[in-house]
Amino acid sequence: MDLENSLFLAIRVLMVLLCLAAAGAALRRLVVLRQPVLWMMLAVLLVGAIEAGLDARANVLLRPADPIALQSWLWLAFDLAVPLLALLALQAMGQRDRALAELQRLATTDPLTGLPNRRGFLAQAQAMLASARRVGQPVALAVLDIDRFKLVNDHHGHAAGDAVLGGVARSMRAALRKDDMPGRWGGEEFVLLLPGVDAPGAAKLVERLRASVSADVAHPAGGGTRLTLSAGIATIGGGTSEEAMAAAQEAADAALYRAKEAGRDRVELAG
């Protein structure tokens, strides 16, 4: 086999390998997304791999003494572009998916605390409530508020306030159970979804969290000044998930208001 035939065969083999690699990537993506364009891409790549093999056989193996025609070289260049373009397209799709996932994360995550924001919390709450209802598991909702947080911002600056919010979020993650779901509702207010417990059981968990925040999160004023939380707790009842969440939130807000009125730094149950 002369040099020309060897080069032609090597490029055709490379094309087959590229087609198979791109087809494998398209197939992996197809399993997850099932987009029609991926079916078309997969079919083109498989046909391209077969065509490359047949062309190599016809030009090199069956006619080893004949020179490779110019037309065959032109088709080779054209065919080689197919798997390369497919790989570039799949890479672009992956980059687009990662960008969309990041935008989704930013839209549903509070950038200061890293907790789900209101939108993200409500979206995750639907799935958690549906799962709990399937197994007959109670779920409690807690609404928590940092006591006198406005004074922290007014007297020590917003940077100090941001540090307090971040500290509370970290303390929450450390004190809560694996399946508990915290979120930042807005301002200095946080929410917790606590599966598997009724309101009294949730009160024990929130009391532990309240003590943890007071012990672990430093108050900007220093000098023994403690950071405290007030909380209201309600059990999520029946109805649609949206209705049940709204009713529980209203009840927990009322309980939180009573905790504030009773002197703060305490947990109150709805009703």
# chains A, B, ... in the order shown; residues from 1 in each chain; ligands from 1
>>> residues_around(residues="Ala26 (chain A)", least_positions_apart="5", cutoff="12 Å", atoms="only C-alpha atoms", output="MDAnalysis selection string")
chainID A and resid 19:21 31:46 83 86:91 93:94
>>> residues_around(residues="Ala244 (chain A)", least_positions_apart="3", cutoff="12 Å", atoms="only C-alpha atoms", output="list in words")
Leu122, Ala125, Gln126, Leu129, Ala130, Arg133, Val139, Ala140, Leu141, Ala234, Thr235, Ile236, Gly237, Gly238, Gly239, Thr240, Ser241, Ala247, Ala248, Gln249, Glu250 and Ala251 of chain A
>>> write_last_selection(atoms="C-alpha atoms", output="PDB file, in the first residue's frame")
ATOM      1  CA  LEU A 122     -41.801  27.410  46.948  1.00  0.00           C
ATOM      2  CA  ALA A 125     -41.684  22.824  48.712  1.00  0.00           C
ATOM      3  CA  GLN A 126     -44.169  21.479  46.165  1.00  0.00           C
ATOM      4  CA  LEU A 129     -45.116  18.149  50.142  1.00  0.00           C
ATOM      5  CA  ALA A 130     -46.100  15.758  47.364  1.00  0.00           C
ATOM      6  CA  ARG A 133     -48.312  13.134  51.316  1.00  0.00           C
ATOM      7  CA  VAL A 139     -44.798  18.495  57.455  1.00  0.00           C
ATOM      8  CA  ALA A 140     -44.347  21.631  59.540  1.00  0.00           C
ATOM      9  CA  LEU A 141     -43.541  25.143  58.383  1.00  0.00           C
ATOM     10  CA  ALA A 234     -47.631  25.743  61.849  1.00  0.00           C
ATOM     11  CA  THR A 235     -48.444  22.306  60.495  1.00  0.00           C
ATOM     12  CA  ILE A 236     -49.211  22.167  56.780  1.00  0.00           C
ATOM     13  CA  GLY A 237     -52.722  20.826  56.289  1.00  0.00           C
ATOM     14  CA  GLY A 238     -54.754  19.528  53.380  1.00  0.00           C
ATOM     15  CA  GLY A 239     -55.927  21.078  50.133  1.00  0.00           C
ATOM     16  CA  THR A 240     -53.707  21.784  47.168  1.00  0.00           C
ATOM     17  CA  SER A 241     -50.043  22.357  47.887  1.00  0.00           C
ATOM     18  CA  ALA A 247     -52.591  28.757  55.001  1.00  0.00           C
ATOM     19  CA  ALA A 248     -49.616  27.421  56.953  1.00  0.00           C
ATOM     20  CA  GLN A 249     -47.583  30.515  56.214  1.00  0.00           C
ATOM     21  CA  GLU A 250     -50.393  32.780  57.404  1.00  0.00           C
ATOM     22  CA  ALA A 251     -50.722  30.773  60.622  1.00  0.00           C
TER      23      ALA A 251
END
>>> select_by_dssp(residues="region 93-173 of chain A", states="helix (DSSP H, G or I)", output="ChimeraX atom specification")
/A:93-108,118-134,149-156,158-173
>>> closest_residue(among="A:Leu192, A:Ala163, A:Ile50, A:Val60", to="Leu115 (chain A)", atoms="only C-alpha atoms")
A:Leu192
>>> residues_around(residues="Gln124 (chain A)", least_positions_apart="2", cutoff="12 Å", atoms="only C-alpha atoms", output="ChimeraX atom specification")
/A:108-109,115-122,126-131,179-183,192-193,241-242,245
>>> write_last_selection(atoms="C-alpha atoms", output="short mmCIF file (atom, residue, chain, number, x, y, z; two decimals), in the first residue's frame")
data_model
loop_
_atom_site.label_atom_id
_atom_site.label_comp_id
_atom_site.auth_asym_id
_atom_site.auth_seq_id
_atom_site.Cartn_x
_atom_site.Cartn_y
_atom_site.Cartn_z
CA THR A 108 -33.93 30.46 42.69
CA THR A 109 -31.01 31.02 45.09
CA LEU A 115 -30.24 29.36 50.55
CA PRO A 116 -33.24 29.02 48.23
CA ASN A 117 -34.96 32.36 47.77
CA ARG A 118 -38.74 32.68 47.92
CA ARG A 119 -39.21 31.39 44.39
CA GLY A 120 -36.80 28.51 44.86
CA PHE A 121 -38.24 27.58 48.24
CA LEU A 122 -41.80 27.41 46.95
CA GLN A 126 -44.17 21.48 46.16
CA ALA A 127 -42.03 18.40 45.56
CA MET A 128 -41.42 17.85 49.27
CA LEU A 129 -45.12 18.15 50.14
CA ALA A 130 -46.10 15.76 47.36
CA SER A 131 -43.55 13.21 48.59
CA ASP A 179 -34.10 16.47 54.85
CA ASP A 180 -35.06 19.82 56.39
CA MET A 181 -35.29 22.63 53.87
CA PRO A 182 -34.33 26.20 54.85
CA GLY A 183 -34.91 29.26 52.71
CA LEU A 192 -38.05 26.16 57.22
CA LEU A 193 -39.89 23.16 55.85
CA SER A 241 -50.04 22.36 47.89
CA GLU A 242 -50.38 26.07 47.13
CA MET A 245 -48.60 26.40 52.04
#
>>> residues_around(residues="Leu54 (chain A)", least_positions_apart="5", cutoff="12 Å", atoms="only C-alpha atoms", output="PyMOL selection string")
chain A and resi 9+12-13+16+47-49+59-62
